[in-house]
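Participant: My file is query-v4.pdb. It has PDB, C-alpha atoms, pLDDT in the B column:
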ATOM      1  CA  MET B 168       0.300 -95.065  71.649  1.00 68.00           C
ATOM      2  CA  THR B 169      -1.872 -97.433  69.679  1.00 86.00           C
ATOM      3  CA  ILE B 170      -3.370-100.542  71.205  1.00 86.00           C
ATOM      4  CA  ASP B 171      -1.197-102.769  69.025  1.00 89.00           C
ATOM      5  CA  GLY B 172       2.032-101.193  70.231  1.00 90.00           C
ATOM      6  CA  PHE B 173       0.866-101.392  73.832  1.00 90.00           C
ATOM      7  CA  LEU B 174       0.066-105.077  73.431  1.00 91.00           C
ATOM      8  CA  VAL B 175       3.312-105.948  71.666  1.00 92.00           C
ATOM      9  CA  TYR B 176       5.714-103.971  73.870  1.00 94.00           C
ATOM     10  CA  ILE B 177       4.119-104.218  77.322  1.00 93.00           C
ATOM     11  CA  ILE B 178       1.522-106.970  77.631  1.00 94.00           C
ATOM     12  CA  LEU B 179       3.266-109.787  75.760  1.00 95.00           C
ATOM     13  CA  PRO B 180       6.598-109.380  77.642  1.00 95.00           C
ATOM     14  CA  ILE B 181       4.781-109.452  81.000  1.00 95.00           C
ATOM     15  CA  LEU B 182       2.943-112.603  79.947  1.00 95.00           C
ATOM     16  CA  SER B 183       6.237-114.163  78.854  1.00 96.00           C
ATOM     17  CA  ILE B 184       7.779-113.399  82.242  1.00 95.00           C
ATOM     18  CA  ALA B 185       4.772-115.017  83.908  1.00 95.00           C
ATOM     19  CA  ILE B 186       5.164-118.137  81.750  1.00 95.00           C
ATOM     20  CA  LEU B 187       8.865-118.290  82.661  1.00 95.00           C
ATOM     21  CA  LEU B 188       8.139-118.056  86.392  1.00 95.00           C
ATOM     22  CA  VAL B 189       5.533-120.810  86.176  1.00 94.00           C
ATOM     23  CA  PHE B 190       7.924-122.942  84.146  1.00 95.00           C
ATOM     24  CA  ILE B 191      10.532-122.704  86.906  1.00 94.00           C
ATOM     25  CA  ARG B 192       7.961-124.150  89.313  1.00 93.00           C
ATOM     26  CA  PHE B 193       7.074-126.775  86.710  1.00 94.00           C
ATOM     27  CA  LEU B 194      10.698-127.946  86.600  1.00 94.00           C
ATOM     28  CA  MET B 195      11.307-127.599  90.351  1.00 89.00           C
ATOM     29  CA  GLY B 196       8.043-128.828  91.855  1.00 79.00           C
ATOM     30  CA  PRO B 197       8.775-131.287  94.658  1.00 86.00           C
ATOM     31  CA  ALA B 198       5.661-133.402  94.189  1.00 87.00           C
ATOM     32  CA  LEU B 199       3.822-134.517  91.065  1.00 89.00           C
ATOM     33  CA  SER B 200       0.821-132.444  92.170  1.00 90.00           C
ATOM     34  CA  ASP B 201       2.891-129.258  91.961  1.00 92.00           C
ATOM     35  CA  ARG B 202       3.722-130.041  88.360  1.00 93.00           C
ATOM     36  CA  VAL B 203       0.065-130.665  87.556  1.00 92.00           C
ATOM     37  CA  VAL B 204      -0.946-127.318  89.059  1.00 93.00           C
ATOM     38  CA  ALA B 205       1.865-125.574  87.192  1.00 94.00           C
ATOM     39  CA  LEU B 206       0.793-127.221  83.922  1.00 93.00           C
ATOM     40  CA  ASP B 207      -2.779-126.049  84.483  1.00 93.00           C
ATOM     41  CA  LEU B 208      -1.574-122.492  85.066  1.00 93.00           C
ATOM     42  CA  LEU B 209       0.700-122.676  81.992  1.00 94.00           C
ATOM     43  CA  ILE B 210      -2.237-123.571  79.764  1.00 94.00           C
ATOM     44  CA  THR B 211      -4.379-120.830  81.340  1.00 94.00           C
ATOM     45  CA  ILE B 212      -1.687-118.232  80.603  1.00 95.00           C
ATOM     46  CA  GLY B 213      -1.480-119.716  77.110  1.00 94.00           C
ATOM     47  CA  ILE B 214      -5.170-118.902  76.614  1.00 94.00           C
ATOM     48  CA  ALA B 215      -4.483-115.283  77.600  1.00 94.00           C
ATOM     49  CA  THR B 216      -1.518-115.125  75.205  1.00 95.00           C
ATOM     50  CA  ILE B 217      -3.626-116.489  72.372  1.00 95.00           C
ATOM     51  CA  ALA B 218      -6.289-113.849  73.049  1.00 94.00           C
ATOM     52  CA  VAL B 219      -3.696-111.046  73.007  1.00 94.00           C
ATOM     53  CA  TYR B 220      -2.120-112.409  69.839  1.00 94.00           C
ATOM     54  CA  ALA B 221      -5.525-112.621  68.151  1.00 93.00           C
ATOM     55  CA  MET B 222      -5.944-108.908  68.858  1.00 93.00           C
ATOM     56  CA  ILE B 223      -2.506-108.058  67.473  1.00 93.00           C
ATOM     57  CA  SER B 224      -2.936-110.000  64.246  1.00 93.00           C
ATOM     58  CA  ASP B 225      -6.689-109.338  63.800  1.00 91.00           C
ATOM     59  CA  GLN B 226      -7.353-113.038  63.295  1.00 90.00           C
ATOM     60  CA  SER B 227     -10.310-114.201  65.319  1.00 87.00           C
ATOM     61  CA  ALA B 228      -9.785-117.850  64.296  1.00 91.00           C
ATOM     62  CA  PHE B 229      -7.232-118.227  67.105  1.00 92.00           C
ATOM     63  CA  LEU B 230     -10.066-118.094  69.618  1.00 92.00           C
ATOM     64  CA  ASP B 231     -11.210-121.603  68.700  1.00 92.00           C
ATOM     65  CA  ILE B 232      -7.805-122.896  69.705  1.00 92.00           C
ATOM     66  CA  ALA B 233      -8.101-121.025  73.004  1.00 92.00           C
ATOM     67  CA  MET B 234     -11.392-122.816  73.645  1.00 92.00           C
ATOM     68  CA  ILE B 235      -9.798-126.210  72.922  1.00 92.00           C
ATOM     69  CA  PHE B 236      -6.954-125.294  75.294  1.00 92.00           C
ATOM     70  CA  ALA B 237      -9.431-124.639  78.084  1.00 91.00           C
ATOM     71  CA  LEU B 238     -10.989-128.063  77.469  1.00 92.00           C
ATOM     72  CA  ILE B 239      -7.620-129.829  77.431  1.00 91.00           C
ATOM     73  CA  ALA B 240      -6.489-128.127  80.648  1.00 91.00           C
ATOM     74  CA  PHE B 241      -9.558-129.355  82.508  1.00 92.00           C
ATOM     75  CA  LEU B 242      -9.266-132.867  81.083  1.00 93.00           C
ATOM     76  CA  GLY B 243      -5.590-133.047  81.994  1.00 91.00           C
ATOM     77  CA  THR B 244      -6.192-131.975  85.584  1.00 92.00           C
ATOM     78  CA  VAL B 245      -9.027-134.463  86.064  1.00 93.00           C
ATOM     79  CA  ALA B 246      -7.051-137.326  84.526  1.00 93.00           C
ATOM     80  CA  PHE B 247      -3.958-136.580  86.604  1.00 91.00           C
ATOM     81  CA  SER B 248      -5.871-136.377  89.873  1.00 90.00           C
ATOM     82  CA  TYR B 249      -7.658-139.658  89.113  1.00 90.00           C
ATOM     83  CA  TYR B 250      -4.291-141.257  88.360  1.00 90.00           C
ATOM     84  CA  LEU B 251      -2.739-139.918  91.558  1.00 87.00           C
ATOM     85  CA  GLU B 252      -5.553-141.305  93.682  1.00 84.00           C
ATOM     86  CA  LYS B 253      -5.599-144.732  92.034  1.00 83.00           C
ATOM     87  CA  ARG B 254      -1.838-145.064  92.135  1.00 79.00           C
ATOM     88  CA  LYS B 255      -1.861-144.556  95.910  1.00 57.00           C
ATOM     89  CA  LYS B 256      -4.706-147.035  96.391  1.00 59.00           C
ATOM     90  CA  ASN B 257      -3.065-149.932  94.554  1.00 58.00           C
ATOM     91  CA  ASP B 258       0.267-149.761  96.360  1.00 55.00           C
TER      92      ASP B 258
ATOM     93  CA  MET F 139     -12.813 -93.769  75.155  1.00 83.00           C
ATOM     94  CA  THR F 140     -13.217 -97.447  74.359  1.00 88.00           C
ATOM     95  CA  ASP F 141      -9.444 -97.698  74.003  1.00 91.00           C
ATOM     96  CA  ILE F 142      -8.931 -96.552  77.579  1.00 93.00           C
ATOM     97  CA  VAL F 143     -11.368 -99.180  78.868  1.00 94.00           C
ATOM     98  CA  ILE F 144      -9.731-101.905  76.783  1.00 94.00           C
ATOM     99  CA  ILE F 145      -6.212-100.954  77.823  1.00 94.00           C
ATOM    100  CA  SER F 146      -7.082-100.763  81.511  1.00 94.00           C
ATOM    101  CA  LEU F 147      -8.951-104.111  81.413  1.00 94.00           C
ATOM    102  CA  ILE F 148      -6.043-105.870  79.722  1.00 95.00           C
ATOM    103  CA  SER F 149      -3.428-104.252  81.975  1.00 95.00           C
ATOM    104  CA  ILE F 150      -5.208-105.268  85.186  1.00 96.00           C
ATOM    105  CA  GLY F 151      -5.778-108.769  83.826  1.00 95.00           C
ATOM    106  CA  THR F 152      -2.107-109.134  82.950  1.00 96.00           C
ATOM    107  CA  LEU F 153      -1.105-107.893  86.396  1.00 95.00           C
ATOM    108  CA  PHE F 154      -3.305-110.547  87.981  1.00 95.00           C
ATOM    109  CA  ILE F 155      -1.709-113.236  85.826  1.00 96.00           C
ATOM    110  CA  LEU F 156       1.757-112.035  86.805  1.00 95.00           C
ATOM    111  CA  LEU F 157       0.708-112.125  90.465  1.00 94.00           C
ATOM    112  CA  ALA F 158      -0.503-115.703  90.020  1.00 94.00           C
ATOM    113  CA  ALA F 159       2.844-116.660  88.473  1.00 95.00           C
ATOM    114  CA  VAL F 160       4.794-115.061  91.333  1.00 94.00           C
ATOM    115  CA  GLY F 161       2.453-116.768  93.783  1.00 93.00           C
ATOM    116  CA  ILE F 162       2.955-120.235  92.372  1.00 93.00           C
ATOM    117  CA  LEU F 163       6.709-119.721  92.571  1.00 92.00           C
ATOM    118  CA  ARG F 164       6.895-118.231  96.069  1.00 92.00           C
ATOM    119  CA  MET F 165       4.136-119.922  98.071  1.00 90.00           C
ATOM    120  CA  PRO F 166       5.506-122.507 100.524  1.00 91.00           C
ATOM    121  CA  ASP F 167       2.853-125.184 100.168  1.00 90.00           C
ATOM    122  CA  LEU F 168       0.936-127.043  97.469  1.00 91.00           C
ATOM    123  CA  PHE F 169      -2.463-126.062  98.833  1.00 91.00           C
ATOM    124  CA  LEU F 170      -1.558-122.388  99.078  1.00 91.00           C
ATOM    125  CA  ARG F 171      -0.262-122.602  95.512  1.00 92.00           C
ATOM    126  CA  ILE F 172      -3.557-124.066  94.307  1.00 92.00           C
ATOM    127  CA  SER F 173      -5.496-121.368  96.117  1.00 91.00           C
ATOM    128  CA  VAL F 174      -3.429-118.559  94.584  1.00 90.00           C
ATOM    129  CA  THR F 175      -3.372-119.968  91.078  1.00 90.00           C
ATOM    130  CA  THR F 176      -7.018-120.735  90.518  1.00 91.00           C
ATOM    131  CA  LYS F 177      -8.505-117.447  91.586  1.00 92.00           C
ATOM    132  CA  ALA F 178      -5.977-114.932  90.290  1.00 93.00           C
ATOM    133  CA  ALA F 179      -5.348-116.595  86.931  1.00 92.00           C
ATOM    134  CA  THR F 180      -9.055-117.108  86.218  1.00 94.00           C
ATOM    135  CA  LEU F 181      -9.812-113.461  86.966  1.00 95.00           C
ATOM    136  CA  GLY F 182      -6.898-112.289  84.825  1.00 95.00           C
ATOM    137  CA  VAL F 183      -7.818-114.406  81.814  1.00 95.00           C
ATOM    138  CA  GLY F 184     -11.448-113.339  82.161  1.00 95.00           C
ATOM    139  CA  MET F 185     -10.477-109.660  82.091  1.00 95.00           C
ATOM    140  CA  ILE F 186      -8.191-110.121  79.074  1.00 95.00           C
ATOM    141  CA  LEU F 187     -10.926-111.970  77.169  1.00 95.00           C
ATOM    142  CA  THR F 188     -13.446-109.242  78.044  1.00 95.00           C
ATOM    143  CA  GLY F 189     -11.061-106.615  76.708  1.00 94.00           C
ATOM    144  CA  MET F 190     -10.617-108.628  73.540  1.00 94.00           C
ATOM    145  CA  ALA F 191     -14.373-108.902  73.038  1.00 94.00           C
ATOM    146  CA  LEU F 192     -14.659-105.114  73.419  1.00 94.00           C
ATOM    147  CA  HIS F 193     -11.799-104.581  70.981  1.00 93.00           C
ATOM    148  CA  PHE F 194     -13.328-106.652  68.199  1.00 92.00           C
ATOM    149  CA  GLY F 195     -16.921-105.656  68.861  1.00 90.00           C
ATOM    150  CA  GLU F 196     -18.495-108.441  66.809  1.00 92.00           C
ATOM    151  CA  THR F 197     -21.198-110.802  67.963  1.00 94.00           C
ATOM    152  CA  SER F 198     -19.459-114.035  66.980  1.00 93.00           C
ATOM    153  CA  ILE F 199     -16.259-113.148  68.807  1.00 93.00           C
ATOM    154  CA  THR F 200     -18.120-111.927  71.880  1.00 94.00           C
ATOM    155  CA  THR F 201     -20.001-115.226  72.009  1.00 94.00           C
ATOM    156  CA  ARG F 202     -16.782-117.204  71.864  1.00 93.00           C
ATOM    157  CA  ALA F 203     -15.176-115.056  74.557  1.00 94.00           C
ATOM    158  CA  VAL F 204     -18.209-115.499  76.823  1.00 95.00           C
ATOM    159  CA  ALA F 205     -18.123-119.256  76.205  1.00 94.00           C
ATOM    160  CA  ILE F 206     -14.444-119.471  77.153  1.00 94.00           C
ATOM    161  CA  ILE F 207     -14.975-117.363  80.297  1.00 94.00           C
ATOM    162  CA  LEU F 208     -17.966-119.455  81.385  1.00 95.00           C
ATOM    163  CA  PHE F 209     -16.060-122.673  80.789  1.00 94.00           C
ATOM    164  CA  LEU F 210     -13.086-121.426  82.803  1.00 93.00           C
ATOM    165  CA  LEU F 211     -15.316-120.259  85.645  1.00 93.00           C
ATOM    166  CA  LEU F 212     -17.032-123.656  85.725  1.00 93.00           C
ATOM    167  CA  THR F 213     -13.957-125.858  85.506  1.00 93.00           C
ATOM    168  CA  ALA F 214     -11.318-124.007  87.565  1.00 92.00           C
ATOM    169  CA  PRO F 215     -12.877-124.741  90.996  1.00 93.00           C
ATOM    170  CA  ILE F 216     -13.618-128.349  90.050  1.00 94.00           C
ATOM    171  CA  GLY F 217     -10.077-128.982  88.883  1.00 92.00           C
ATOM    172  CA  ALA F 218      -8.592-127.313  91.957  1.00 93.00           C
ATOM    173  CA  HIS F 219     -10.808-129.349  94.266  1.00 92.00           C
ATOM    174  CA  LEU F 220      -9.928-132.619  92.517  1.00 92.00           C
ATOM    175  CA  ILE F 221      -6.184-132.088  92.558  1.00 92.00           C
ATOM    176  CA  GLY F 222      -6.255-130.853  96.157  1.00 90.00           C
ATOM    177  CA  ARG F 223      -8.273-133.872  97.300  1.00 88.00           C
ATOM    178  CA  ALA F 224      -6.018-136.321  95.469  1.00 88.00           C
ATOM    179  CA  SER F 225      -2.841-134.769  96.865  1.00 88.00           C
ATOM    180  CA  TYR F 226      -4.257-134.798 100.404  1.00 86.00           C
ATOM    181  CA  PHE F 227      -4.750-138.552 100.060  1.00 83.00           C
ATOM    182  CA  VAL F 228      -1.275-139.062  98.622  1.00 83.00           C
ATOM    183  CA  GLY F 229       0.150-137.269 101.634  1.00 80.00           C
ATOM    184  CA  VAL F 230       1.613-134.061 100.283  1.00 82.00           C
ATOM    185  CA  PRO F 231       2.937-132.292 103.400  1.00 83.00           C
ATOM    186  CA  LEU F 232       1.437-129.073 104.671  1.00 85.00           C
ATOM    187  CA  TRP F 233       3.585-126.035 105.335  1.00 85.00           C
ATOM    188  CA  LYS F 234       5.369-126.546 108.643  1.00 85.00           C
ATOM    189  CA  LYS F 235       4.038-123.251 109.992  1.00 83.00           C
ATOM    190  CA  SER F 236       0.394-124.122 109.282  1.00 82.00           C
ATOM    191  CA  LEU F 237      -1.603-123.878 112.480  1.00 84.00           C
ATOM    192  CA  MET F 238      -4.227-126.568 112.050  1.00 82.00           C
ATOM    193  CA  ASP F 239      -5.285-129.424 109.789  1.00 80.00           C
ATOM    194  CA  ASP F 240      -9.023-129.832 110.132  1.00 77.00           C
ATOM    195  CA  LEU F 241      -9.167-133.011 108.058  1.00 76.00           C
ATOM    196  CA  LYS F 242      -6.560-134.927 110.054  1.00 78.00           C
ATOM    197  CA  GLY F 243      -7.811-138.391 110.976  1.00 74.00           C
ATOM    198  CA  LYS F 244     -11.223-137.850 109.463  1.00 73.00           C
ATOM    199  CA  TYR F 245     -10.582-139.543 106.143  1.00 71.00           C
ATOM    200  CA  ASN F 246     -10.798-143.286 105.829  1.00 71.00           C
ATOM    201  CA  THR F 247      -7.520-143.976 104.045  1.00 66.00           C
ATOM    202  CA  LYS F 248      -8.743-147.199 102.418  1.00 68.00           C
ATOM    203  CA  THR F 249     -12.070-146.140 100.970  1.00 69.00           C
ATOM    204  CA  HIS F 250     -11.393-142.373 100.794  1.00 69.00           C
ATOM    205  CA  GLU F 251     -14.659-141.626 102.519  1.00 72.00           C
ATOM    206  CA  LEU F 252     -15.121-138.700 104.834  1.00 70.00           C
ATOM    207  CA  SER F 253     -16.262-139.716 108.297  1.00 69.00           C
ATOM    208  CA  GLY F 254     -17.665-137.251 110.805  1.00 58.00           C
ATOM    209  CA  GLU F 255     -16.510-136.731 114.362  1.00 54.00           C
ATOM    210  CA  ASP F 256     -19.417-138.542 115.974  1.00 50.00           C
ATOM    211  CA  ARG F 257     -18.740-141.757 114.074  1.00 51.00           C
ATOM    212  CA  GLU F 258     -15.365-142.541 115.566  1.00 51.00           C
ATOM    213  CA  GLY F 259     -15.145-145.438 118.001  1.00 50.00           C
ATOM    214  CA  LEU F 260     -18.609-146.811 117.320  1.00 46.00           C
ATOM    215  CA  ASP F 261     -19.265-150.158 115.725  1.00 47.00           C
ATOM    216  CA  ASN F 262     -21.576-150.540 112.771  1.00 49.00           C
ATOM    217  CA  ASP F 263     -24.962-151.172 114.389  1.00 45.00           C
ATOM    218  CA  GLN F 264     -24.612-148.446 116.934  1.00 46.00           C
ATOM    219  CA  GLU F 265     -23.340-146.129 114.263  1.00 47.00           C
ATOM    220  CA  ASN F 266     -26.422-146.494 112.108  1.00 49.00           C
ATOM    221  CA  THR F 267     -28.882-145.896 114.907  1.00 48.00           C
ATOM    222  CA  GLU F 268     -26.776-143.083 116.261  1.00 47.00           C
ATOM    223  CA  ASN F 269     -26.719-141.406 112.882  1.00 50.00           C
ATOM    224  CA  ALA F 270     -30.437-141.780 112.350  1.00 50.00           C
ATOM    225  CA  SER F 271     -31.232-140.222 115.710  1.00 48.00           C
ATOM    226  CA  SER F 272     -28.596-137.506 115.559  1.00 49.00           C
ATOM    227  CA  LYS F 273     -29.573-136.425 112.068  1.00 47.00           C
ATOM    228  CA  SER F 274     -33.091-135.583 113.169  1.00 48.00           C
ATOM    229  CA  SER F 275     -32.017-133.878 116.384  1.00 48.00           C
ATOM    230  CA  GLU F 276     -28.944-131.923 115.315  1.00 46.00           C
ATOM    231  CA  HIS F 277     -30.036-129.838 112.409  1.00 47.00           C
TER     232      HIS F 277
END
Can the structure from this file be put into structure tokens for me?
Facilitator:
Amino acid sequence: MTIDGFLVYIILPILSIAILLVFIRFLMGPALSDRVVALDLLITIGIATIAVYAMISDQSAFLDIAMIFALIAFLGTVAFSYYLEKRKKND
Amino acid sequence: MTDIVIISLISIGTLFILLAAVGILRMPDLFLRISVTTKAATLGVGMILTGMALHFGETSITTRAVAIILFLLLTAPIGAHLIGRASYFVGVPLWKKSLMDDLKGKYNTKTHELSGEDREGLDNDQENTENASSKSSEH
């Protein structure tokens, strides 16, 4: 079995299942913090998917987008936690 | 030979990511969810990126992969700490079977400052002198 077939038929489906499971938590999450954590994990799994897809299609340009995703995930978490704290304080 | 290393790296990384996804769905508590997610997902993504760098075998791609891994390793603990701290202030409940909450009553809810055990019940002047003397003696 070549690496490409292994990636397409085994790795990508497992990653898709993982994204689905996290998305259930993203929709369910009782508190806003749960949704923020789920969003962070979604973007992290997205980075892994981009890396796998870059290997399948032999296009290394996708890696730049993965780097931007990592930046955006961190920024989003920091902004949301700041917002959560300030929202509680002003009430 | 390289193929075996690449395939095993990517498989183990994917398994860790799947474990993180199951963990975030099944864990009973926000803080447990944070603790599962950060570690397992970071390790999994790091292993997948390492496998990708081995697969391409070029310097530019390896540099980018190392940069992404370093950035993830730097930011994942910071983000987890920030969101955990903020949700503790907001009052996200712990799991009802948790045995102890070490931080209970130690946070000033107005200023969000952490106060130690020895500062409770003292007024300001006493507190300052007490701190100055206890700092030198305790540690």
Participant: Quick one: residues within 9 Å of Ile206 of chain F, only C-alpha atoms, excluding same-chain residues fewer than 2 positions away - as a PDB file with C-alpha atoms, in the frame of the given file?
Facilitator:
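Okay, part_29.pdb is ready:
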ATOM      1  CA  LEU B 230     -10.066-118.094  69.618  1.00 92.00           C
ATOM      2  CA  ALA B 233      -8.101-121.025  73.004  1.00 92.00           C
ATOM      3  CA  MET B 234     -11.392-122.816  73.645  1.00 92.00           C
ATOM      4  CA  ALA B 237      -9.431-124.639  78.084  1.00 91.00           C
TER       5      ALA B 237
ATOM      6  CA  GLY F 184     -11.448-113.339  82.161  1.00 95.00           C
ATOM      7  CA  LEU F 187     -10.926-111.970  77.169  1.00 95.00           C
ATOM      8  CA  THR F 201     -20.001-115.226  72.009  1.00 94.00           C
ATOM      9  CA  ARG F 202     -16.782-117.204  71.864  1.00 93.00           C
ATOM     10  CA  ALA F 203     -15.176-115.056  74.557  1.00 94.00           C
ATOM     11  CA  VAL F 204     -18.209-115.499  76.823  1.00 95.00           C
ATOM     12  CA  LEU F 208     -17.966-119.455  81.385  1.00 95.00           C
ATOM     13  CA  PHE F 209     -16.060-122.673  80.789  1.00 94.00           C
ATOM     14  CA  LEU F 210     -13.086-121.426  82.803  1.00 93.00           C
ATOM     15  CA  LEU F 211     -15.316-120.259  85.645  1.00 93.00           C
TER      16      LEU F 211
END
Participant: Which residues are near Thr169 of chain B? Cut-off 12 Å, all atoms listed in the file, ignore same chain within fewer than 6 positions. Put them as a PyMOL selection string.
Facilitator: (chain B and resi 175-177+223) or (chain F and resi 141-142+144-145)
Participant: Which residues fall under the ChimeraX specification (/F :<7) & /B in this file, as a tab-separated table (two decimals) with C-alpha atoms, keeping the file's coordinate frame?
Facilitator:
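What follows is the written file selection.tsv:
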chain	number	residue	atom	x	y	z
B	178	ILE	CA	1.52	-106.97	77.63
B	182	LEU	CA	2.94	-112.60	79.95
B	185	ALA	CA	4.77	-115.02	83.91
B	188	LEU	CA	8.14	-118.06	86.39
B	189	VAL	CA	5.53	-120.81	86.18
B	192	ARG	CA	7.96	-124.15	89.31
B	200	SER	CA	0.82	-132.44	92.17
B	201	ASP	CA	2.89	-129.26	91.96
B	204	VAL	CA	-0.95	-127.32	89.06
B	208	LEU	CA	-1.57	-122.49	85.07
B	215	ALA	CA	-4.48	-115.28	77.60
B	218	ALA	CA	-6.29	-113.85	73.05
B	222	MET	CA	-5.94	-108.91	68.86
B	227	SER	CA	-10.31	-114.20	65.32
B	234	MET	CA	-11.39	-122.82	73.64
B	237	ALA	CA	-9.43	-124.64	78.08
B	241	PHE	CA	-9.56	-129.35	82.51
B	244	THR	CA	-6.19	-131.98	85.58
B	245	VAL	CA	-9.03	-134.46	86.06
B	248	SER	CA	-5.87	-136.38	89.87
B	251	LEU	CA	-2.74	-139.92	91.56
B	252	GLU	CA	-5.55	-141.30	93.68
B	255	LYS	CA	-1.86	-144.56	95.91
Participant: Using only C-alpha atoms, which of B:Phe193, B:Asp207, B:Arg254, B:Ser224 sits nearest Asp171 of chain B?
Facilitator: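 Looking at the shortest contact to Asp171 of chain B, the residue is B:Ser224.
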Participant: Please indicate the distance in Å from atom CA of Ser236 of chain F to atom CA of Pro166 of chain F, rounded to one decimal place.
Facilitator: 10.3 Å
Participant: Atom CA of Ile186 of chain B and atom CA of Ala205 of chain B, how far apart in Å?
Facilitator: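 Taking atom CA of Ala205 of chain B as the start and atom CA of Ile186 of chain B as the end point, the length is 9.8 Å.
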Participant: In Å, with one decimal, what is the gap from atom CA of Ala221 of chain B to atom CA of Phe190 of chain B?
Facilitator: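 Rounded to one decimal, the two atoms are 23.3 Å apart.
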